[in-house]
Amino acid sequence: MNLNLQGKVALVTGGSRGIGAAICRAFAAEGVRVGFNYHANPEAAEELVGQLRGHGVEAVAVIANLGEEASVLNLIDRVAAELGPIDILVNNAAVCPSGPMESYSWDVWQHTLNVNVTGAFLACRELASSWRQHQTRGKIINIVSQAAFLGSTSGHLPYDSSKGALLSMTRALARELGPEGINVNAVAPGMVKTEMVIKKLEAKLDFYLSRIPLKRIAEPEEIANIVIFLASEAASYITGATIDASGGVMMH
């Protein structure tokens, strides 16, 4: 199947590791120029840029704090200036503090929502406004979580709440932007083998596998493949959808 992605430009937030890095690599393999942000590890970011350029496409990493409006706007401007107008936005970046409800301070709660929700909103606002102005059929893919539906068994209230908000944002934006040919969808992974959860997997692997009908943990590349599909013309009639990538935990 020809996905018609070659030559397009994608911005992936939180693209330097885990699912985000897998998404960046998958886009590059399809001939997409890729920009992504990182927050604290320039060495890892530059290593990924080298991997992406190995596919024969241009790539750029930009340091950005998605909890700050000026930083989000600078990220978009830098990627567009270096790679060209952005066609695809993947809101993947997230922070995930842990603990019981009473352990969260105002600052931790606010920072989680700023990065996971407000940063995504700002990126959507800026790019959708540009697409409307230039009558461009852009694509937005938001990475949410099964926690948006079920909550977490291990105590991630701010994260779970933020992913629920991002899920609702997906639907609201899909309704607003659909008449202009802008597709907005979400992917809701379950457990994925990333740095963020590896210690939990090692400690309780049998417990997690017992809940998953497919009896295995997802690889980041499997989530990336779904994102690539949603960004492509093969998914041109899908908007406002949330793709369940839980290995059968949800089945909705």
# chains A, B, ... in the order shown; residues from 1 in each chain; ligands from 1

$ residues_around --residues "Ala174 of chain A" --least-positions-apart "4" --cutoff "6 Å" --atoms "only C-alpha atoms" --output "JSON, numbers by chain"
{"A": [178, 184, 239, 240]}

$ select_by_dssp --residues "segment 12-41 of chain A" --states "strand (DSSP E)" --output "list of chain:residue names"
A:Val12, A:Arg33, A:Val34, A:Gly35, A:Phe36, A:Asn37, A:Tyr38

$ closest_atom_pairs --of "segment 40-145 of chain A" --to "segment 151-172 of chain A" --cutoff "10 Å" --atoms "only C-alpha atoms" --output "Markdown table"
| residue | atom | partner | partner_atom | distance |
| --- | --- | --- | --- | --- |
| A:Asn91 | CA | A:Leu166 | CA | 9.4 |
| A:Ala94 | CA | A:Tyr159 | CA | 8.0 |
| A:Val95 | CA | A:Tyr159 | CA | 7.1 |
| A:Cys96 | CA | A:Tyr159 | CA | 5.3 |
| A:Pro97 | CA | A:His156 | CA | 6.2 |
| A:Ser98 | CA | A:His156 | CA | 5.0 |
| A:Gly99 | CA | A:Gly155 | CA | 5.2 |
| A:Pro100 | CA | A:Gly155 | CA | 5.6 |
| A:Met101 | CA | A:Leu157 | CA | 6.6 |
| A:Tyr104 | CA | A:Pro158 | CA | 8.2 |
| A:Val108 | CA | A:Pro158 | CA | 8.2 |
| A:Trp109 | CA | A:Pro158 | CA | 5.7 |
| A:Gln110 | CA | A:Pro158 | CA | 8.6 |
| A:His111 | CA | A:Pro158 | CA | 9.3 |
| A:Thr112 | CA | A:Pro158 | CA | 6.3 |
| A:Leu113 | CA | A:Ser162 | CA | 5.7 |
| A:Asn114 | CA | A:Ser162 | CA | 9.0 |
| A:Val115 | CA | A:Ser162 | CA | 9.1 |
| A:Asn116 | CA | A:Ser162 | CA | 6.0 |
| A:Val117 | CA | A:Leu166 | CA | 5.9 |
| A:Thr118 | CA | A:Leu166 | CA | 9.1 |
| A:Ala120 | CA | A:Leu166 | CA | 8.0 |
| A:Phe121 | CA | A:Met169 | CA | 8.0 |
| A:Cys124 | CA | A:Met169 | CA | 9.9 |
| A:Ile140 | CA | A:Thr170 | CA | 8.6 |
| A:Ile141 | CA | A:Thr170 | CA | 8.3 |
| A:Asn142 | CA | A:Thr170 | CA | 7.0 |
| A:Ile143 | CA | A:Lys163 | CA | 8.3 |
| A:Val144 | CA | A:Lys163 | CA | 5.2 |
| A:Ser145 | CA | A:Lys163 | CA | 6.3 |

$ select_by_dssp --residues "segment 27-191 of chain A" --states "alpha helix (DSSP H)" --output "VMD selection string"
chain A and resid 27 to 29 42 to 53 69 to 83 106 to 113 119 to 134 147 to 150 157 to 177

$ write_last_selection --atoms "C-alpha atoms" --output "short mmCIF file (atom, residue, chain, number, x, y, z; two decimals), in the first residue's frame"
data_model
loop_
_atom_site.label_atom_id
_atom_site.label_comp_id
_atom_site.auth_asym_id
_atom_site.auth_seq_id
_atom_site.Cartn_x
_atom_site.Cartn_y
_atom_site.Cartn_z
CA PHE A 27 8.16 8.38 9.69
CA ALA A 28 11.73 8.63 8.42
CA ALA A 29 11.46 5.14 6.92
CA PRO A 42 20.82 16.34 23.91
CA GLU A 43 23.12 13.37 23.29
CA ALA A 44 20.21 10.96 22.83
CA ALA A 45 18.41 13.51 20.66
CA GLU A 46 21.38 13.96 18.34
CA GLU A 47 21.87 10.21 18.12
CA LEU A 48 18.28 9.85 16.96
CA VAL A 49 18.73 12.67 14.43
CA GLY A 50 21.61 10.68 12.95
CA GLN A 51 19.43 7.57 12.72
CA LEU A 52 16.67 9.50 10.96
CA ARG A 53 19.07 11.06 8.47
CA GLU A 69 3.78 28.67 25.55
CA ALA A 70 6.85 30.50 24.21
CA SER A 71 8.79 27.24 24.07
CA VAL A 72 6.03 25.46 22.13
CA LEU A 73 5.83 28.31 19.62
CA ASN A 74 9.60 28.32 19.20
CA LEU A 75 9.56 24.56 18.60
CA ILE A 76 7.03 24.91 15.78
CA ASP A 77 8.88 27.85 14.23
CA ARG A 78 12.25 26.04 14.34
CA VAL A 79 10.95 22.85 12.76
CA ALA A 80 9.11 24.76 10.01
CA ALA A 81 12.12 26.96 9.32
CA GLU A 82 14.50 24.01 8.97
CA LEU A 83 12.26 21.39 7.34
CA TRP A 106 -0.27 21.97 43.16
CA ASP A 107 2.96 22.36 41.20
CA VAL A 108 3.17 18.69 40.21
CA TRP A 109 -0.51 18.60 39.19
CA GLN A 110 -0.21 21.82 37.19
CA HIS A 111 3.04 20.80 35.49
CA THR A 112 1.53 17.48 34.38
CA LEU A 113 -1.50 19.17 32.83
CA GLY A 119 1.25 21.88 25.35
CA ALA A 120 -0.76 19.66 23.00
CA PHE A 121 -3.48 22.30 22.74
CA LEU A 122 -0.96 25.01 21.85
CA ALA A 123 0.60 22.88 19.12
CA CYS A 124 -2.84 22.02 17.73
CA ARG A 125 -3.94 25.65 17.84
CA GLU A 126 -0.90 26.95 16.00
CA LEU A 127 -0.74 24.30 13.31
CA ALA A 128 -4.48 24.04 12.69
CA SER A 129 -4.67 27.82 12.36
CA SER A 130 -1.91 27.70 9.75
CA TRP A 131 -3.54 24.83 7.90
CA ARG A 132 -6.85 26.69 7.81
CA GLN A 133 -5.17 29.81 6.50
CA HIS A 134 -3.40 27.90 3.72
CA ALA A 147 -5.58 4.98 31.67
CA ALA A 148 -7.88 7.60 30.13
CA PHE A 149 -10.64 4.98 30.35
CA LEU A 150 -9.65 2.77 33.27
CA LEU A 157 -3.88 10.45 38.99
CA PRO A 158 -2.49 13.57 37.24
CA TYR A 159 -1.36 11.51 34.22
CA ASP A 160 -4.64 9.61 33.97
CA SER A 161 -6.62 12.85 34.20
CA SER A 162 -4.49 14.52 31.56
CA LYS A 163 -4.95 11.66 29.12
CA GLY A 164 -8.70 11.80 29.62
CA ALA A 165 -8.59 15.49 28.78
CA LEU A 166 -6.49 14.83 25.68
CA LEU A 167 -8.99 12.21 24.57
CA SER A 168 -11.84 14.72 24.83
CA MET A 169 -9.74 17.33 23.03
CA THR A 170 -9.28 14.88 20.16
CA ARG A 171 -13.02 14.52 19.67
CA ALA A 172 -13.74 18.24 20.01
CA LEU A 173 -11.03 19.19 17.52
CA ALA A 174 -12.16 16.51 15.08
CA ARG A 175 -15.65 18.02 15.03
CA GLU A 176 -14.36 21.56 14.63
CA LEU A 177 -11.69 20.88 12.03
#

$ closest_residue --among "A:His39, A:Ser210, A:Ile217, A:Gly31" --to "Gly54 of chain A" --atoms "only C-alpha atoms"
A:Gly31

$ residues_around --residues "Val34 of chain A" --least-positions-apart "6" --cutoff "7 Å" --atoms "only C-alpha atoms" --output "ChimeraX atom specification"
/A:9-11,24,28,58-60

$ atom_distance --atom1 "atom CA of His55 of chain A" --atom2 "atom CA of Glu30 of chain A"
8.6 Å

$ closest_residue --among "A:Pro85, A:Val57, A:Ala93, A:Ala64" --to "Gly14 of chain A" --atoms "only C-alpha atoms"
A:Ala93

$ decode --residues "segment 122-205 of chain A" --atoms "C-alpha atoms" --output "PDB file, in the first residue's frame"
ATOM      1  CA  LEU A 122      -0.960  25.006  21.847  1.00  0.00           C
ATOM      2  CA  ALA A 123       0.603  22.883  19.120  1.00  0.00           C
ATOM      3  CA  CYS A 124      -2.841  22.019  17.732  1.00  0.00           C
ATOM      4  CA  ARG A 125      -3.939  25.650  17.838  1.00  0.00           C
ATOM      5  CA  GLU A 126      -0.901  26.951  16.003  1.00  0.00           C
ATOM      6  CA  LEU A 127      -0.740  24.304  13.312  1.00  0.00           C
ATOM      7  CA  ALA A 128      -4.481  24.038  12.692  1.00  0.00           C
ATOM      8  CA  SER A 129      -4.672  27.819  12.356  1.00  0.00           C
ATOM      9  CA  SER A 130      -1.906  27.702   9.746  1.00  0.00           C
ATOM     10  CA  TRP A 131      -3.545  24.827   7.896  1.00  0.00           C
ATOM     11  CA  ARG A 132      -6.847  26.686   7.812  1.00  0.00           C
ATOM     12  CA  GLN A 133      -5.174  29.813   6.502  1.00  0.00           C
ATOM     13  CA  HIS A 134      -3.399  27.900   3.722  1.00  0.00           C
ATOM     14  CA  GLN A 135      -6.280  25.452   3.106  1.00  0.00           C
ATOM     15  CA  THR A 136      -4.025  22.500   3.948  1.00  0.00           C
ATOM     16  CA  ARG A 137      -5.377  19.088   4.948  1.00  0.00           C
ATOM     17  CA  GLY A 138      -3.212  18.411   7.978  1.00  0.00           C
ATOM     18  CA  LYS A 139      -3.195  15.435  10.327  1.00  0.00           C
ATOM     19  CA  ILE A 140      -3.135  15.411  14.141  1.00  0.00           C
ATOM     20  CA  ILE A 141      -2.531  12.230  16.148  1.00  0.00           C
ATOM     21  CA  ASN A 142      -2.693  12.388  19.934  1.00  0.00           C
ATOM     22  CA  ILE A 143      -1.117   9.639  22.033  1.00  0.00           C
ATOM     23  CA  VAL A 144      -3.439   8.995  24.956  1.00  0.00           C
ATOM     24  CA  SER A 145      -3.575   5.864  27.137  1.00  0.00           C
ATOM     25  CA  GLN A 146      -5.840   3.113  28.355  1.00  0.00           C
ATOM     26  CA  ALA A 147      -5.579   4.977  31.670  1.00  0.00           C
ATOM     27  CA  ALA A 148      -7.880   7.597  30.130  1.00  0.00           C
ATOM     28  CA  PHE A 149     -10.644   4.983  30.346  1.00  0.00           C
ATOM     29  CA  LEU A 150      -9.645   2.772  33.271  1.00  0.00           C
ATOM     30  CA  GLY A 151      -7.341   4.825  35.472  1.00  0.00           C
ATOM     31  CA  SER A 152      -4.078   3.307  36.708  1.00  0.00           C
ATOM     32  CA  THR A 153      -3.744   0.508  39.207  1.00  0.00           C
ATOM     33  CA  SER A 154      -0.429   1.935  40.437  1.00  0.00           C
ATOM     34  CA  GLY A 155      -1.403   5.553  41.216  1.00  0.00           C
ATOM     35  CA  HIS A 156      -0.928   8.119  38.422  1.00  0.00           C
ATOM     36  CA  LEU A 157      -3.875  10.451  38.987  1.00  0.00           C
ATOM     37  CA  PRO A 158      -2.486  13.571  37.238  1.00  0.00           C
ATOM     38  CA  TYR A 159      -1.355  11.515  34.223  1.00  0.00           C
ATOM     39  CA  ASP A 160      -4.639   9.607  33.973  1.00  0.00           C
ATOM     40  CA  SER A 161      -6.619  12.846  34.204  1.00  0.00           C
ATOM     41  CA  SER A 162      -4.488  14.520  31.560  1.00  0.00           C
ATOM     42  CA  LYS A 163      -4.949  11.657  29.121  1.00  0.00           C
ATOM     43  CA  GLY A 164      -8.702  11.795  29.616  1.00  0.00           C
ATOM     44  CA  ALA A 165      -8.590  15.494  28.775  1.00  0.00           C
ATOM     45  CA  LEU A 166      -6.489  14.835  25.676  1.00  0.00           C
ATOM     46  CA  LEU A 167      -8.994  12.209  24.567  1.00  0.00           C
ATOM     47  CA  SER A 168     -11.843  14.724  24.833  1.00  0.00           C
ATOM     48  CA  MET A 169      -9.742  17.326  23.028  1.00  0.00           C
ATOM     49  CA  THR A 170      -9.278  14.875  20.165  1.00  0.00           C
ATOM     50  CA  ARG A 171     -13.019  14.525  19.670  1.00  0.00           C
ATOM     51  CA  ALA A 172     -13.739  18.239  20.015  1.00  0.00           C
ATOM     52  CA  LEU A 173     -11.030  19.194  17.519  1.00  0.00           C
ATOM     53  CA  ALA A 174     -12.160  16.505  15.085  1.00  0.00           C
ATOM     54  CA  ARG A 175     -15.650  18.023  15.031  1.00  0.00           C
ATOM     55  CA  GLU A 176     -14.360  21.565  14.628  1.00  0.00           C
ATOM     56  CA  LEU A 177     -11.686  20.880  12.034  1.00  0.00           C
ATOM     57  CA  GLY A 178     -13.343  18.077  10.056  1.00  0.00           C
ATOM     58  CA  PRO A 179     -15.191  20.398   7.641  1.00  0.00           C
ATOM     59  CA  GLU A 180     -11.812  21.755   6.540  1.00  0.00           C
ATOM     60  CA  GLY A 181     -10.356  18.323   5.852  1.00  0.00           C
ATOM     61  CA  ILE A 182      -8.131  18.186   8.939  1.00  0.00           C
ATOM     62  CA  ASN A 183      -8.124  14.749  10.556  1.00  0.00           C
ATOM     63  CA  VAL A 184      -7.707  14.445  14.332  1.00  0.00           C
ATOM     64  CA  ASN A 185      -7.368  11.013  15.909  1.00  0.00           C
ATOM     65  CA  ALA A 186      -5.872   9.336  18.964  1.00  0.00           C
ATOM     66  CA  VAL A 187      -4.027   6.137  19.798  1.00  0.00           C
ATOM     67  CA  ALA A 188      -4.536   4.599  23.242  1.00  0.00           C
ATOM     68  CA  PRO A 189      -1.708   2.172  24.053  1.00  0.00           C
ATOM     69  CA  GLY A 190      -1.728  -0.239  26.933  1.00  0.00           C
ATOM     70  CA  MET A 191       1.568  -1.475  28.329  1.00  0.00           C
ATOM     71  CA  VAL A 192       4.511  -0.768  26.006  1.00  0.00           C
ATOM     72  CA  LYS A 193       8.175  -1.711  26.506  1.00  0.00           C
ATOM     73  CA  THR A 194       9.633   1.740  27.189  1.00  0.00           C
ATOM     74  CA  GLU A 195      11.999   3.244  29.726  1.00  0.00           C
ATOM     75  CA  MET A 196       9.031   4.686  31.614  1.00  0.00           C
ATOM     76  CA  VAL A 197       7.597   1.295  32.601  1.00  0.00           C
ATOM     77  CA  ILE A 198      10.474  -1.168  32.376  1.00  0.00           C
ATOM     78  CA  LYS A 199      10.931  -1.431  36.172  1.00  0.00           C
ATOM     79  CA  LYS A 200       7.223  -2.169  36.663  1.00  0.00           C
ATOM     80  CA  LEU A 201       7.350  -4.828  33.972  1.00  0.00           C
ATOM     81  CA  GLU A 202      10.334  -6.516  35.551  1.00  0.00           C
ATOM     82  CA  ALA A 203       8.682  -6.541  38.979  1.00  0.00           C
ATOM     83  CA  LYS A 204       5.156  -7.613  37.971  1.00  0.00           C
ATOM     84  CA  LEU A 205       5.354  -9.104  34.475  1.00  0.00           C
TER      85      LEU A 205
END
